[in-house]
file final-v6.txt (compact mmCIF, C-alpha atoms)
# COMPACT_ATOMS: atom_id res chain seq x y z
CA MET A 1 183.14 35.69 68.11
CA ALA A 2 181.15 35.55 71.30
CA GLY A 3 179.13 38.71 71.60
CA THR A 4 179.93 40.56 74.77
CA ALA A 5 178.67 44.06 75.19
CA VAL A 6 181.61 46.25 76.09
CA LEU A 7 179.37 49.16 76.84
CA GLY A 8 176.21 47.52 78.06
CA ARG A 9 173.56 50.10 78.60
CA LEU A 10 170.18 50.95 77.24
CA THR A 11 170.12 53.38 74.37
CA THR A 12 168.49 56.57 75.53
CA GLY A 13 165.94 58.44 73.45
CA TRP A 14 166.34 61.33 71.03
CA GLN A 15 167.94 64.45 72.37
CA VAL A 16 168.58 67.87 70.88
CA ALA A 17 172.22 68.65 70.13
CA GLU A 18 173.62 72.01 69.14
CA VAL A 19 176.20 72.32 66.40
CA VAL A 20 179.07 74.20 68.04
CA ASP A 21 181.50 74.09 65.14
CA VAL A 22 181.66 73.01 61.50
CA VAL A 23 185.16 72.05 60.34
CA LYS A 24 185.82 71.54 56.65
CA GLU A 25 188.06 68.48 56.40
CA THR A 26 188.20 68.11 52.60
CA PRO A 27 186.22 69.65 49.73
CA ARG A 28 183.45 67.08 50.34
CA VAL A 29 183.77 66.24 54.04
CA CYS A 30 182.83 68.21 57.16
CA THR A 31 183.12 67.51 60.86
CA LEU A 32 180.23 68.66 63.03
CA ALA A 33 181.19 69.23 66.66
CA LEU A 34 178.09 68.81 68.80
CA SER A 35 177.07 69.82 72.26
CA ALA A 36 174.45 67.67 73.99
CA ASP A 37 173.82 68.06 77.71
CA GLY A 38 172.47 64.56 78.22
CA TRP A 39 175.14 62.73 76.20
CA PRO A 40 176.01 59.59 78.21
CA GLY A 41 179.52 59.19 76.75
CA HIS A 42 180.68 56.75 74.09
CA GLY A 43 183.36 54.23 73.13
CA ALA A 44 185.85 54.61 70.28
CA GLY A 45 184.22 53.14 67.18
CA GLN A 46 180.57 53.54 68.15
CA HIS A 47 178.06 55.48 66.09
CA LEU A 48 175.06 57.70 66.69
CA ASP A 49 171.80 58.28 64.90
CA VAL A 50 170.82 61.67 63.50
CA ARG A 51 167.22 62.74 62.94
CA LEU A 52 166.25 65.74 60.84
CA THR A 53 162.72 67.15 60.87
CA ALA A 54 161.28 69.38 58.13
CA PRO A 55 158.82 72.15 59.10
CA ASP A 56 155.87 69.95 58.01
CA GLY A 57 156.97 67.11 60.29
CA TYR A 58 158.67 64.92 57.67
CA GLN A 59 161.68 63.19 59.21
CA ALA A 60 164.81 61.48 57.95
CA GLN A 61 167.22 59.41 60.06
CA ARG A 62 170.76 58.21 59.39
CA SER A 63 173.64 56.67 61.36
CA TYR A 64 177.11 58.25 61.55
CA SER A 65 180.31 57.07 63.19
CA ILE A 66 181.51 59.18 66.10
CA ALA A 67 184.85 60.86 65.36
CA SER A 68 185.67 62.24 68.80
CA PRO A 69 187.36 60.08 71.42
CA PRO A 70 185.62 58.90 74.57
CA GLY A 71 185.48 61.63 77.19
CA GLU A 72 184.78 64.38 74.66
CA PRO A 73 181.43 65.62 73.37
CA PRO A 74 180.23 63.77 70.26
CA ALA A 75 181.45 64.89 66.85
CA ILE A 76 180.56 63.32 63.52
CA THR A 77 182.37 63.56 60.20
CA VAL A 78 180.08 63.50 57.18
CA GLU A 79 180.91 62.96 53.52
CA ARG A 80 178.62 64.80 51.13
CA LEU A 81 176.94 62.39 48.71
CA GLU A 82 175.40 64.51 45.97
CA ASP A 83 172.32 62.35 45.45
CA GLY A 84 171.83 61.83 49.17
CA GLU A 85 169.02 63.28 51.19
CA VAL A 86 170.73 63.90 54.53
CA SER A 87 174.47 64.24 53.90
CA PRO A 88 174.20 67.31 51.58
CA TYR A 89 172.28 69.03 54.35
CA LEU A 90 174.68 68.03 57.14
CA ALA A 91 177.82 68.74 55.10
CA GLY A 92 176.62 71.87 53.35
CA GLU A 93 173.70 73.64 54.93
CA LEU A 94 174.25 73.16 58.64
CA ARG A 95 175.91 76.04 60.56
CA ALA A 96 177.19 76.56 64.09
CA GLY A 97 174.23 77.30 66.33
CA ASP A 98 171.85 75.02 64.42
CA ARG A 99 170.25 72.15 66.26
CA ILE A 100 169.68 68.54 65.24
CA GLU A 101 168.39 65.52 67.12
CA ILE A 102 170.75 62.67 68.01
CA ARG A 103 170.50 59.27 69.68
CA GLY A 104 173.24 57.04 70.93
CA PRO A 105 175.85 55.84 71.34
CA ILE A 106 175.10 52.63 69.44
CA GLY A 107 177.04 49.43 68.81
CA GLY A 108 179.23 47.38 71.12
CA TRP A 109 181.29 45.30 68.69
CA PHE A 110 183.36 47.66 66.55
CA VAL A 111 184.93 49.28 69.62
CA TRP A 112 188.53 49.57 70.82
CA GLU A 113 190.05 50.72 74.08
CA PRO A 114 193.72 50.58 75.14
CA ALA A 115 193.01 47.83 77.69
CA LEU A 116 192.22 45.51 74.75
CA GLY A 117 195.87 45.74 73.80
CA GLY A 118 197.36 45.30 70.38
CA PRO A 119 199.08 45.57 68.10
CA LEU A 120 196.28 47.56 66.57
CA LEU A 121 195.75 47.57 62.81
CA LEU A 122 193.36 50.18 61.44
CA VAL A 123 192.44 50.01 57.76
CA GLY A 124 190.19 52.72 56.37
CA GLY A 125 188.76 53.53 52.96
CA GLY A 126 187.79 57.19 52.50
CA SER A 127 185.41 58.31 55.23
CA GLY A 128 185.79 54.85 56.76
CA VAL A 129 188.61 56.49 58.67
CA VAL A 130 186.12 58.19 61.01
CA PRO A 131 185.58 55.48 63.67
CA LEU A 132 189.27 54.53 63.36
CA MET A 133 190.19 58.14 64.14
CA ALA A 134 188.20 57.94 67.38
CA MET A 135 190.41 54.96 68.29
CA ALA A 136 193.63 56.76 67.29
CA ARG A 137 192.59 59.86 69.24
CA LEU A 138 191.77 57.76 72.31
CA ARG A 139 195.13 56.02 72.09
CA ALA A 140 196.89 59.40 72.00
CA ALA A 141 194.72 60.95 74.73
CA GLU A 142 195.47 58.09 77.11
CA GLY A 143 199.17 58.00 76.27
CA SER A 144 198.84 54.37 75.27
CA ASP A 145 201.96 52.73 73.84
CA VAL A 146 200.05 49.90 72.17
CA PRO A 147 201.69 49.63 68.72
CA ALA A 148 199.21 51.00 66.21
CA ARG A 149 199.27 51.32 62.45
CA LEU A 150 196.74 53.02 60.18
CA LEU A 151 196.50 52.20 56.49
CA LEU A 152 194.29 54.81 54.85
CA SER A 153 193.12 54.67 51.25
CA SER A 154 192.03 58.01 49.78
CA ARG A 155 191.40 59.14 46.23
CA SER A 156 193.86 62.01 46.32
CA TRP A 157 195.96 64.02 48.79
CA GLU A 158 193.17 66.63 48.92
CA ASP A 159 190.69 63.90 49.88
CA VAL A 160 192.65 62.69 52.91
CA ILE A 161 190.40 63.30 55.92
CA TYR A 162 192.19 64.52 59.11
CA ARG A 163 195.43 64.87 57.10
CA ASP A 164 197.25 67.32 59.38
CA GLU A 165 196.10 65.68 62.58
CA LEU A 166 197.24 62.28 61.32
CA ALA A 167 200.66 63.76 60.60
CA ALA A 168 200.80 65.12 64.16
CA LEU A 169 199.75 61.76 65.63
CA ALA A 170 202.49 60.09 63.58
CA ASP A 171 205.12 62.56 64.86
CA ALA A 172 204.27 62.04 68.52
CA PRO A 173 206.46 59.76 70.68
CA ALA A 174 205.25 56.16 70.35
CA GLY A 175 203.07 57.64 67.66
CA LEU A 176 200.58 56.12 65.31
CA GLU A 177 202.20 54.73 62.19
CA VAL A 178 200.32 56.18 59.23
CA VAL A 179 200.54 54.71 55.73
CA HIS A 180 198.64 56.44 52.94
CA THR A 181 197.68 55.09 49.57
CA LEU A 182 196.27 57.49 46.98
CA THR A 183 194.25 55.62 44.41
CA ARG A 184 193.22 58.22 41.85
CA SER A 185 195.81 60.97 41.74
CA GLN A 186 199.03 61.72 43.56
CA PRO A 187 200.89 64.97 44.23
CA GLU A 188 204.10 65.58 42.34
CA GLY A 189 206.97 63.66 43.85
CA TRP A 190 204.68 61.26 45.73
CA SER A 191 206.69 58.26 46.84
CA GLY A 192 203.98 56.45 48.80
CA TYR A 193 201.50 53.84 47.64
CA ALA A 194 199.35 54.76 44.68
CA ARG A 195 197.08 51.77 44.24
CA ARG A 196 194.03 50.18 45.74
CA VAL A 197 194.51 48.11 48.86
CA ASP A 198 194.84 44.46 47.96
CA GLU A 199 196.42 41.37 49.45
CA SER A 200 199.94 42.25 48.32
CA LEU A 201 199.71 45.74 49.78
CA LEU A 202 198.39 44.31 53.03
CA ARG A 203 201.30 41.88 53.07
CA GLU A 204 203.66 44.86 53.03
CA VAL A 205 201.81 47.07 55.51
CA ALA A 206 199.86 44.91 57.95
CA TRP A 207 201.43 43.35 61.02
CA PRO A 208 202.32 39.73 60.29
CA ALA A 209 199.70 37.28 61.51
CA GLU A 210 202.07 36.01 64.24
CA ALA A 211 201.92 39.43 65.91
CA GLY A 212 198.36 38.65 66.99
CA ALA A 213 197.08 42.04 65.91
CA GLN A 214 193.50 43.18 66.32
CA ALA A 215 192.26 44.64 63.04
CA PHE A 216 189.48 47.15 62.51
CA VAL A 217 188.42 47.71 58.91
CA CYS A 218 185.93 50.37 57.80
CA GLY A 219 184.98 51.64 54.39
CA PRO A 220 182.76 50.95 51.39
CA THR A 221 181.58 47.36 51.02
CA ALA A 222 183.95 46.31 48.23
CA PHE A 223 186.92 47.80 50.10
CA VAL A 224 186.03 46.00 53.33
CA GLU A 225 185.46 42.72 51.50
CA THR A 226 188.90 42.92 49.90
CA VAL A 227 190.72 43.93 53.08
CA ALA A 228 188.95 41.50 55.42
CA SER A 229 189.42 38.49 53.16
CA GLY A 230 193.00 39.61 52.43
CA LEU A 231 193.82 39.66 56.14
CA VAL A 232 192.29 36.21 56.60
CA THR A 233 194.41 34.94 53.71
CA LEU A 234 197.49 36.37 55.45
CA GLY A 235 196.61 34.29 58.50
CA TYR A 236 194.59 36.67 60.65
CA PRO A 237 191.94 34.69 62.56
CA PRO A 238 188.52 35.94 61.34
CA GLU A 239 187.55 36.85 64.90
CA ARG A 240 190.49 39.31 65.02
CA VAL A 241 189.13 41.21 62.02
CA LYS A 242 186.25 43.48 62.92
CA THR A 243 184.51 45.24 60.08
CA GLU A 244 182.11 48.06 59.49
CA ARG A 245 180.77 48.62 56.00
CA PHE A 246 178.76 51.35 54.43
CA GLY A 247 177.02 51.68 51.13
CA ALA A 248 176.38 55.05 49.52
CA THR A 249 173.13 55.60 51.34
CA GLY A 250 173.33 59.38 51.67
CA MET B 1 156.40 73.65 70.00
CA SER B 2 157.71 70.64 68.16
CA PHE B 3 161.30 70.46 67.02
CA PHE B 4 162.34 71.07 63.46
CA THR B 5 165.69 71.42 61.76
CA ARG B 6 166.41 74.81 60.17
CA GLY B 7 166.70 74.58 56.41
CA PHE B 8 165.91 70.87 56.11
CA GLU B 9 163.20 70.07 53.57
CA GLY B 10 163.66 66.39 52.75
CA ARG B 11 163.53 64.98 49.25
CA ARG B 12 162.36 61.42 49.52
CA ARG B 13 158.95 61.78 51.08
CA ASP B 14 157.02 60.88 47.95
CA GLU B 15 158.97 57.79 47.06
CA ALA B 16 157.54 55.36 49.58
CA PRO B 17 154.25 53.57 48.90
CA GLU B 18 151.96 54.00 51.88
CA GLY B 19 152.16 51.29 54.54
CA ARG B 20 155.23 49.62 53.10
CA VAL B 21 158.09 51.47 54.81
CA PRO B 22 158.33 51.35 58.64
CA PRO B 23 159.04 54.51 60.66
CA GLY B 24 162.60 55.84 60.44
CA GLN B 25 163.36 53.87 57.26
CA TYR B 26 164.03 55.01 53.68
CA LEU B 27 163.87 53.11 50.40
CA THR B 28 166.95 51.90 48.60
CA GLU B 29 167.29 50.36 45.16
CA GLY B 30 170.66 48.88 46.03
CA PHE B 31 171.39 46.02 48.39
CA PRO B 32 173.78 47.32 51.06
CA VAL B 33 175.96 44.86 52.96
CA LEU B 34 176.42 44.88 56.71
CA SER B 35 178.41 42.33 58.66
CA ALA B 36 180.75 42.30 61.60
CA GLY B 37 183.70 40.43 60.12
CA PRO B 38 185.18 38.73 57.07
CA THR B 39 182.85 36.86 54.72
CA PRO B 40 183.09 33.10 55.40
CA ARG B 41 183.30 30.82 52.37
CA THR B 42 182.26 27.24 53.09
CA PRO B 43 182.51 24.84 50.13
CA LEU B 44 179.11 23.30 49.32
CA GLU B 45 180.47 19.78 49.78
CA GLN B 46 181.29 20.67 53.40
CA TRP B 47 178.06 22.59 54.00
CA THR B 48 175.38 21.04 56.21
CA PHE B 49 172.26 22.37 57.86
CA THR B 50 171.42 21.12 61.35
CA VAL B 51 168.36 21.38 63.54
CA GLU B 52 169.36 20.75 67.15
CA SER B 53 166.79 19.86 69.77
CA GLY B 54 166.95 17.75 72.90
CA ALA B 55 166.94 14.58 70.81
CA GLU B 56 169.42 13.63 68.09
CA PRO B 57 170.19 16.54 65.77
CA VAL B 58 168.80 16.31 62.26
CA ARG B 59 171.29 17.17 59.52
CA TRP B 60 171.03 17.76 55.78
CA THR B 61 173.86 17.93 53.28
CA TRP B 62 173.68 20.58 50.57
CA ASP B 63 172.24 18.10 48.07
CA GLU B 64 169.70 16.77 50.57
CA PHE B 65 168.73 20.33 51.42
CA GLN B 66 168.23 21.19 47.76
CA ALA B 67 165.89 18.21 47.45
CA LEU B 68 163.53 19.59 50.11
CA PRO B 69 160.32 21.33 48.97
CA ARG B 70 161.26 24.89 48.02
CA GLU B 71 159.25 28.07 47.91
CA SER B 72 159.63 31.33 46.08
CA VAL B 73 158.73 34.39 48.16
CA THR B 74 158.51 38.09 47.37
CA VAL B 75 158.92 40.24 50.47
CA ASP B 76 159.94 43.68 51.72
CA ILE B 77 163.07 43.80 53.89
CA HIS B 78 164.10 46.38 56.49
CA CYS B 79 167.63 46.89 57.85
CA VAL B 80 168.16 48.49 61.25
CA THR B 81 170.66 50.83 59.56
CA ARG B 82 167.54 52.39 58.00
CA TRP B 83 167.33 51.12 54.46
CA SER B 84 164.28 49.23 53.29
CA LYS B 85 163.99 47.37 50.01
CA LEU B 86 160.66 46.39 48.52
CA ASP B 87 159.61 43.32 46.54
CA THR B 88 162.79 41.29 46.97
CA VAL B 89 162.51 37.80 45.48
CA TRP B 90 163.97 34.81 47.30
CA GLU B 91 163.99 31.04 46.94
CA GLY B 92 164.44 28.69 49.85
CA VAL B 93 163.03 26.12 52.23
CA SER B 94 160.39 27.10 54.76
CA VAL B 95 161.48 26.76 58.39
CA ASP B 96 158.16 24.93 58.90
CA THR B 97 159.44 22.20 56.58
CA LEU B 98 162.68 21.89 58.56
CA LEU B 99 160.95 21.75 61.94
CA GLU B 100 158.65 18.94 60.75
CA ALA B 101 161.73 16.73 60.96
CA VAL B 102 162.03 17.07 64.76
CA ASP B 103 159.84 16.45 67.79
CA HIS B 104 160.09 19.37 70.16
CA ASP B 105 158.24 21.69 72.49
CA ALA B 106 160.71 24.58 72.32
CA SER B 107 159.68 28.22 72.55
CA TYR B 108 162.78 29.87 71.03
CA VAL B 109 165.39 29.24 68.38
CA LEU B 110 168.98 30.37 68.13
CA ALA B 111 170.22 30.44 64.54
CA PHE B 112 173.95 29.70 64.25
CA CYS B 113 176.22 30.53 61.37
CA ASP B 114 179.67 30.26 59.85
CA GLY B 115 181.88 32.87 61.46
CA GLY B 116 180.28 32.37 64.88
CA TYR B 117 177.38 34.72 64.32
CA THR B 118 174.13 33.88 66.11
CA THR B 119 170.69 35.43 66.37
CA ASN B 120 167.76 34.57 68.62
CA LEU B 121 164.08 34.37 67.70
CA PRO B 122 160.85 33.32 69.38
CA LEU B 123 159.60 30.17 67.68
CA GLU B 124 156.40 31.91 66.66
CA ASP B 125 158.46 34.35 64.56
CA VAL B 126 159.82 31.55 62.38
CA THR B 127 156.79 29.29 62.00
CA ASP B 128 153.51 29.44 60.05
CA GLY B 129 155.10 30.65 56.83
CA LYS B 130 157.08 33.52 58.34
CA ALA B 131 160.67 32.34 57.82
CA TRP B 132 162.85 30.51 55.30
CA VAL B 133 166.38 29.29 54.80
CA ALA B 134 167.05 31.03 51.49
CA PHE B 135 169.70 30.06 48.93
CA GLY B 136 168.41 31.98 45.93
CA TYR B 137 168.05 35.73 45.42
CA ASP B 138 166.57 37.42 42.38
CA GLY B 139 166.79 34.24 40.32
CA GLU B 140 170.46 33.58 41.10
CA ALA B 141 172.42 31.67 43.73
CA LEU B 142 172.74 33.85 46.83
CA ASP B 143 176.01 35.79 46.77
CA PRO B 144 178.46 35.16 49.69
CA GLU B 145 178.45 38.87 50.61
CA HIS B 146 174.71 38.64 51.08
CA GLY B 147 174.90 35.47 53.13
CA GLY B 148 175.32 32.68 50.57
CA PRO B 149 175.29 29.79 50.23
CA ALA B 150 172.25 30.14 52.52
CA ARG B 151 170.85 32.68 54.96
CA LEU B 152 167.86 32.83 57.21
CA LEU B 153 165.05 35.01 55.86
CA VAL B 154 162.69 36.50 58.46
CA PRO B 155 161.39 39.52 56.58
CA HIS B 156 158.93 40.81 59.20
CA LEU B 157 161.82 41.55 61.61
CA TYR B 158 164.86 43.82 61.14
CA PHE B 159 167.20 42.18 58.68
CA TRP B 160 169.98 41.30 61.15
CA LYS B 161 167.58 38.53 62.26
CA SER B 162 167.89 37.09 58.74
CA ALA B 163 171.27 35.64 59.69
CA LYS B 164 173.81 35.26 56.89
CA TRP B 165 175.77 32.02 56.31
CA VAL B 166 173.28 30.14 58.49
CA ARG B 167 174.20 26.55 59.30
CA GLY B 168 171.51 25.52 61.71
CA LEU B 169 168.81 26.19 64.27
CA ARG B 170 169.10 25.33 67.96
CA LEU B 171 165.71 24.82 69.62
CA LEU B 172 165.59 26.28 73.13
CA ASP B 173 163.18 26.57 76.04
CA ASP B 174 164.47 30.04 76.98
CA ASP B 175 165.47 33.09 74.97
CA GLU B 176 169.24 33.51 74.60
CA PRO B 177 170.61 36.75 73.12
CA GLY B 178 172.52 36.33 69.87
CA PHE B 179 175.44 38.36 68.52
CA TRP B 180 173.91 41.76 67.78
CA GLU B 181 171.40 41.26 70.58
CA SER B 182 174.38 41.09 72.99
CA ASN B 183 175.85 44.23 71.40
CA GLY B 184 173.12 46.77 72.01
CA TYR B 185 170.43 45.67 69.57
CA HIS B 186 166.88 44.72 70.50
CA LEU B 187 165.99 41.16 71.45
CA ARG B 188 163.09 40.93 68.98
CA GLY B 189 163.53 43.70 66.39
CA ASP B 190 160.07 44.51 65.03
CA PRO B 191 160.60 47.34 62.49
CA TRP B 192 156.99 48.55 62.73
CA ARG B 193 157.53 49.19 66.46
CA GLU B 194 161.05 50.55 65.87
CA GLN B 195 162.61 47.97 68.17
CA ARG B 196 166.17 48.90 67.18
CA TYR B 197 168.18 49.03 70.39
CA TRP B 198 168.17 47.90 74.01
CA GLY B 199 165.45 49.88 75.71
CA ASP B 200 163.27 50.43 72.60
call {"tool": "encode", "arguments": {"input": "final-v6.txt", "output": "structure tokens"}}
result
Amino acid sequence: MAGTAVLGRLTTGWQVAEVVDVVKETPRVCTLALSADGWPGHGAGQHLDVRLTAPDGYQAQRSYSIASPPGEPPAITVERLEDGEVSPYLAGELRAGDRIEIRGPIGGWFVWEPALGGPLLLVGGGSGVVPLMAMARLRAAEGSDVPARLLLSSRSWEDVIYRDELAALADAPAGLEVVHTLTRSQPEGWSGYARRVDESLLREVAWPAEAGAQAFVCGPTAFVETVASGLVTLGYPPERVKTERFGATG
Amino acid sequence: MSFFTRGFEGRRRDEAPEGRVPPGQYLTEGFPVLSAGPTPRTPLEQWTFTVESGAEPVRWTWDEFQALPRESVTVDIHCVTRWSKLDTVWEGVSVDTLLEAVDHDASYVLAFCDGGYTTNLPLEDVTDGKAWVAFGYDGEALDPEHGGPARLLVPHLYFWKSAKWVRGLRLLDDDEPGFWESNGYHLRGDPWREQRYWGD
């Protein structure tokens, strides 16, 4: 996996961004739409850094995946981790009109654009869907017909982030194929998958290895480990499986 | 007037011992995993470690490597994704020991790994007791997710420099950006100077 920067530019310094909208995605997840005059633009899959400063000067920094597609102002989607320091503030306290500091975009590896072709396999666990959604939104915005399939693991139907928008993307012509699995509870009459993603589920849902798909996998560490090694077992070359992992770091 | 964030107080300010946590970092008790692709799994009987310089490469098998003088080190580690972990205990072979096996006048090294990952370092960042090839963590064999069977350990730089699944060192006259260093991250990565990204 030769490292080639797809978006080679210096990372600019901290800038103030205004929260223009707070969208509740699920009971524990919010999207913050930001406005930042000096934002240089970003690729689908990149992240940004957030810095919060208390009145006495104490600061905390975290990284968040960018949810909005390239060409739009940055938006981040944040899951509230109860014992976290930053996420309960971002996904609880923050209101439209508030200001935070951001820096980015960051990362040149976990990035997709239509010119890279496909088929495109996106596998997300919980809020791991966020950078994948930037890719799906870019694909739709550009009218790309690259075959694309999203496998999204959520705990319950209520916990599915971007649920309505994913349904709309799936209904569009040459739309994104969306496959849900609900691991903890399922609505009455649920006929979809109801188990954790493992090799056998990937065998049913993922493009066969011969299709030469490019896979992007994002989620908690154990989820990404299982999916990435499962895809390799199915014959995906390791360099076609790009991963992003997060621990519960709040 | 300096910027502050309405309603943000911060909870973790008292947790960090003074002088141990670089700017922009926070302490974690866990051991988060970060890597760009699937975890490689090389059987120990196929594993070798190679030091490449202008002359013939020097190569150790796993058993030969285990027979080298080993050190136990307790160090703080700092990931560019902002977690720091204090007093981690590792076992491995000092890079000084490995470089004794070759004649060279190189100024840089490129560490190379299973999975194609590479990272670049000035020689002075891996010599004089500053770097190890570690195969033990916290009294156990190093877990594959954390870079086992062996990873580089360069604790004074951001942890991506401590390349997982390391298989060798290439000695170079000139600096050559590695994997993350070609993808927006700083060439050297000193956490105390917050050298996170290109331009820092």
call {"tool": "atom_distance", "arguments": {"input": "final-v6.txt", "atom1": "atom CA of A:Ala209", "atom2": "atom CA of A:Leu231"}}
result
8.3 Å
call {"tool": "interface_residues", "arguments": {"input": "final-v6.txt", "of": "chain A", "to": "chain B", "cutoff": "7 Å", "atoms": "all atoms listed in the file", "output": "VMD selection string"}}
result
chain A and resid 1 to 5 8 10 to 11 52 to 55 60 to 63 85 89 98 to 100 106 to 109 221 225 228 to 229 238 241 to 245 247
call {"tool": "residues_around", "arguments": {"input": "final-v6.txt", "residues": "A:Val16", "least_positions_apart": "3", "cutoff": "9 Å", "atoms": "all atoms listed in the file", "output": "PDB file with C-alpha atoms, keeping the file's coordinate frame"}}
result
ATOM      1  CA  SER A  35     177.070  69.820  72.260  1.00  0.00           C
ATOM      2  CA  ALA A  36     174.450  67.670  73.990  1.00  0.00           C
ATOM      3  CA  ASP A  37     173.820  68.060  77.710  1.00  0.00           C
ATOM      4  CA  GLY A  38     172.470  64.560  78.220  1.00  0.00           C
ATOM      5  CA  ARG A  99     170.250  72.150  66.260  1.00  0.00           C
ATOM      6  CA  ILE A 100     169.680  68.540  65.240  1.00  0.00           C
ATOM      7  CA  GLU A 101     168.390  65.520  67.120  1.00  0.00           C
ATOM      8  CA  ILE A 102     170.750  62.670  68.010  1.00  0.00           C
ATOM      9  CA  ARG A 103     170.500  59.270  69.680  1.00  0.00           C
TER      10      ARG A 103
ATOM     11  CA  PHE B   3     161.300  70.460  67.020  1.00  0.00           C
TER      12      PHE B   3
END
call {"tool": "closest_residue", "arguments": {"input": "final-v6.txt", "among": "B:Leu171, B:Ala131, B:Leu98, B:Val58", "to": "B:Leu152", "atoms": "all atoms listed in the file"}}
result
B:Ala131
call {"tool": "atom_distance", "arguments": {"input": "final-v6.txt", "atom1": "atom CA of A:Pro147", "atom2": "atom CA of A:Ala115"}}
result
12.6 Å
